[in-house]
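Engineer: Structure in structure tokens, see below.
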Amino acid sequence: MAITTLGILELGSQTTTFYLKEMNRVFNRNRGGYNIYLFLLFNTNVDTINSFSPNPSEELEDIIQAYISEVENRDIEHLVIPNITLQKTLDRIKNTNIILHPIDICLSKLLKTIGHKLYCLGYYIPCNRIISEVNLLNAT
């Protein structure tokens, strides 16, 4: 069985710890108690990132892109960025196929579960992205 190596950007201890616990819980539920998944934790300068968040800017894009480039130079298949306030910035960065984007994952799971058209109600930080993705999915 192939092993997928994850990269995780460390974006604050509480958020990162929450994501690690949840990923561990799901992995152990799916594979059994003594299985492990491989991941590399990439340290970031959280204070610098937070000084620009939550609003996207070219400066913040450059900072995040530098971290993504560092990850892409390693043997990493997927990158987890555990910070919802960065999602608008991630949507502006091009060529981010390595990133496990929460919107893409959520829509994929919904489509598998529901199996037909999705409707977007309410407000969410990157709502325009959700609406455009739902429209694309509904068109197919």
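Residue numbering restarts at 1 in every chain; chains get A, B, ... in the order shown in the structure tokens, and ligands count up from 1 in that same order.
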Can you tell me which residues surround segment 10-15 of chain A at a distance of at most 7 Å, considering only C-alpha atoms, apart from same-chain residues fewer than 5 positions away, and format the answer as a list in words?

Structural biologist: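 Selected residues are Leu41, Phe42, Asn43, Thr44, Val46, Pro82 and Asn83 of chain A.
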
Engineer: Now that the selection is made, can you save its residues with N, CA and C atoms as an mmCIF file, in the first residue's frame?

Structural biologist:
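Contents of out29.cif, freshly written:
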data_model
loop_
_atom_site.group_PDB
_atom_site.id
_atom_site.type_symbol
_atom_site.label_atom_id
_atom_site.label_comp_id
_atom_site.auth_asym_id
_atom_site.auth_seq_id
_atom_site.Cartn_x
_atom_site.Cartn_y
_atom_site.Cartn_z
ATOM 1 N N LEU A 41 5.920 18.664 9.513
ATOM 2 C CA LEU A 41 5.376 19.917 10.022
ATOM 3 C C LEU A 41 6.332 21.034 9.623
ATOM 4 N N PHE A 42 5.817 22.013 8.911
ATOM 5 C CA PHE A 42 6.624 23.143 8.458
ATOM 6 C C PHE A 42 6.328 24.347 9.336
ATOM 7 N N ASN A 43 7.356 24.814 10.040
ATOM 8 C CA ASN A 43 7.193 25.978 10.903
ATOM 9 C C ASN A 43 7.007 27.234 10.064
ATOM 10 N N THR A 44 6.190 28.125 10.571
ATOM 11 C CA THR A 44 5.937 29.396 9.900
ATOM 12 C C THR A 44 6.110 30.526 10.909
ATOM 13 N N VAL A 46 4.051 32.811 12.406
ATOM 14 C CA VAL A 46 2.617 33.045 12.589
ATOM 15 C C VAL A 46 2.326 34.517 12.814
ATOM 16 N N PRO A 82 -3.900 24.663 8.055
ATOM 17 C CA PRO A 82 -4.974 24.724 9.049
ATOM 18 C C PRO A 82 -5.291 26.145 9.521
ATOM 19 N N ASN A 83 -5.829 26.948 8.619
ATOM 20 C CA ASN A 83 -6.177 28.311 8.985
ATOM 21 C C ASN A 83 -7.244 28.800 8.021
#

Engineer: What gap, in Å, lies between atom CA of Val80 of chain A and atom CA of Ile114 of chain A?

Structural biologist: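 Separation of atom CA of Val80 of chain A and atom CA of Ile114 of chain A: 25.4 Å.
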
Engineer: Just to confirm, what's the straight-line distance from atom CA of Pro54 of chain A to atom CA of Ala66 of chain A in Å (one decimal)?

Structural biologist: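 Interatomic distance, atom CA of Pro54 of chain A to atom CA of Ala66 of chain A: 18.0 Å.
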
Engineer: Where in segment 13-130 of chain A does DSSP assign strand (DSSP E or B), given as an MDAnalysis selection string?

Structural biologist: chainID A and resid 38:43 78:80 99

Engineer: When you draw a straight line from atom CA of Leu38 of chain A to atom CA of Thr96 of chain A, how long is it in Å?

Structural biologist: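 Going from atom CA of Leu38 of chain A over to atom CA of Thr96 of chain A, I get 20.7 Å.
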
Engineer: Which one of A:Thr113, A:Thr48, A:Met23, A:Ile99 sits closest to Ile36 of chain A if you count only C-alpha atoms?

Structural biologist: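 For Ile36 of chain A, the nearest of the given residues is A:Met23.
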
Engineer: Out of A:Lys88, A:Arg74, A:Lys112, A:Arg31, which residue has the shortest atom-to-atom distance to Ser53 of chain A when counting only C-alpha atoms?

Structural biologist: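 Once distances to Ser53 of chain A are computed over only C-alpha atoms, the minimum belongs to A:Lys88.
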
Engineer: Restricting the calculation to only C-alpha atoms: of A:Asn28, A:Ile68, A:Asn55, A:Leu107, which residue gets closest to Gln87 of chain A?

Structural biologist: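 Once distances to Gln87 of chain A are computed over only C-alpha atoms, the minimum belongs to A:Asn55.
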
Engineer: Can you pull out every residue from segment 53-108 of chain A that DSSP, working from the backbone, puts in alpha helix (DSSP H), and format the result as a PyMOL selection string?

Structural biologist: chain A and resi 58-72+87-92+102-108

Engineer: Any chance you could export the current selection's C-alpha atoms as a PDB file, in the first residue's frame?

Structural biologist:
ATOM      1  CA  GLU A  58       0.123  40.612  -2.395  1.00  0.00           C
ATOM      2  CA  GLU A  59       2.423  40.575   0.647  1.00  0.00           C
ATOM      3  CA  LEU A  60       0.493  37.730   2.259  1.00  0.00           C
ATOM      4  CA  GLU A  61       0.362  35.830  -1.048  1.00  0.00           C
ATOM      5  CA  ASP A  62       4.160  36.124  -1.351  1.00  0.00           C
ATOM      6  CA  ILE A  63       4.659  34.834   2.200  1.00  0.00           C
ATOM      7  CA  ILE A  64       2.309  31.858   1.721  1.00  0.00           C
ATOM      8  CA  GLN A  65       3.716  31.119  -1.740  1.00  0.00           C
ATOM      9  CA  ALA A  66       7.226  30.925  -0.242  1.00  0.00           C
ATOM     10  CA  TYR A  67       6.017  28.270   2.225  1.00  0.00           C
ATOM     11  CA  ILE A  68       4.222  26.369  -0.553  1.00  0.00           C
ATOM     12  CA  SER A  69       7.391  26.438  -2.667  1.00  0.00           C
ATOM     13  CA  GLU A  70       9.402  25.077   0.264  1.00  0.00           C
ATOM     14  CA  VAL A  71       6.913  22.220   0.636  1.00  0.00           C
ATOM     15  CA  GLU A  72       6.916  21.489  -3.097  1.00  0.00           C
ATOM     16  CA  GLN A  87      -8.631  30.561   2.300  1.00  0.00           C
ATOM     17  CA  LYS A  88      -9.223  33.763   0.301  1.00  0.00           C
ATOM     18  CA  THR A  89      -5.476  34.138  -0.093  1.00  0.00           C
ATOM     19  CA  LEU A  90      -5.120  30.501  -1.165  1.00  0.00           C
ATOM     20  CA  ASP A  91      -7.808  31.039  -3.787  1.00  0.00           C
ATOM     21  CA  ARG A  92      -5.700  33.844  -5.292  1.00  0.00           C
ATOM     22  CA  PRO A 102     -11.306  22.470   2.612  1.00  0.00           C
ATOM     23  CA  ILE A 103     -13.876  23.736   0.104  1.00  0.00           C
ATOM     24  CA  ASP A 104     -12.855  21.160  -2.509  1.00  0.00           C
ATOM     25  CA  ILE A 105     -12.892  18.351   0.062  1.00  0.00           C
ATOM     26  CA  CYS A 106     -16.276  19.406   1.448  1.00  0.00           C
ATOM     27  CA  LEU A 107     -17.902  19.649  -1.988  1.00  0.00           C
ATOM     28  CA  SER A 108     -16.429  16.316  -3.052  1.00  0.00           C
TER      29      SER A 108
END
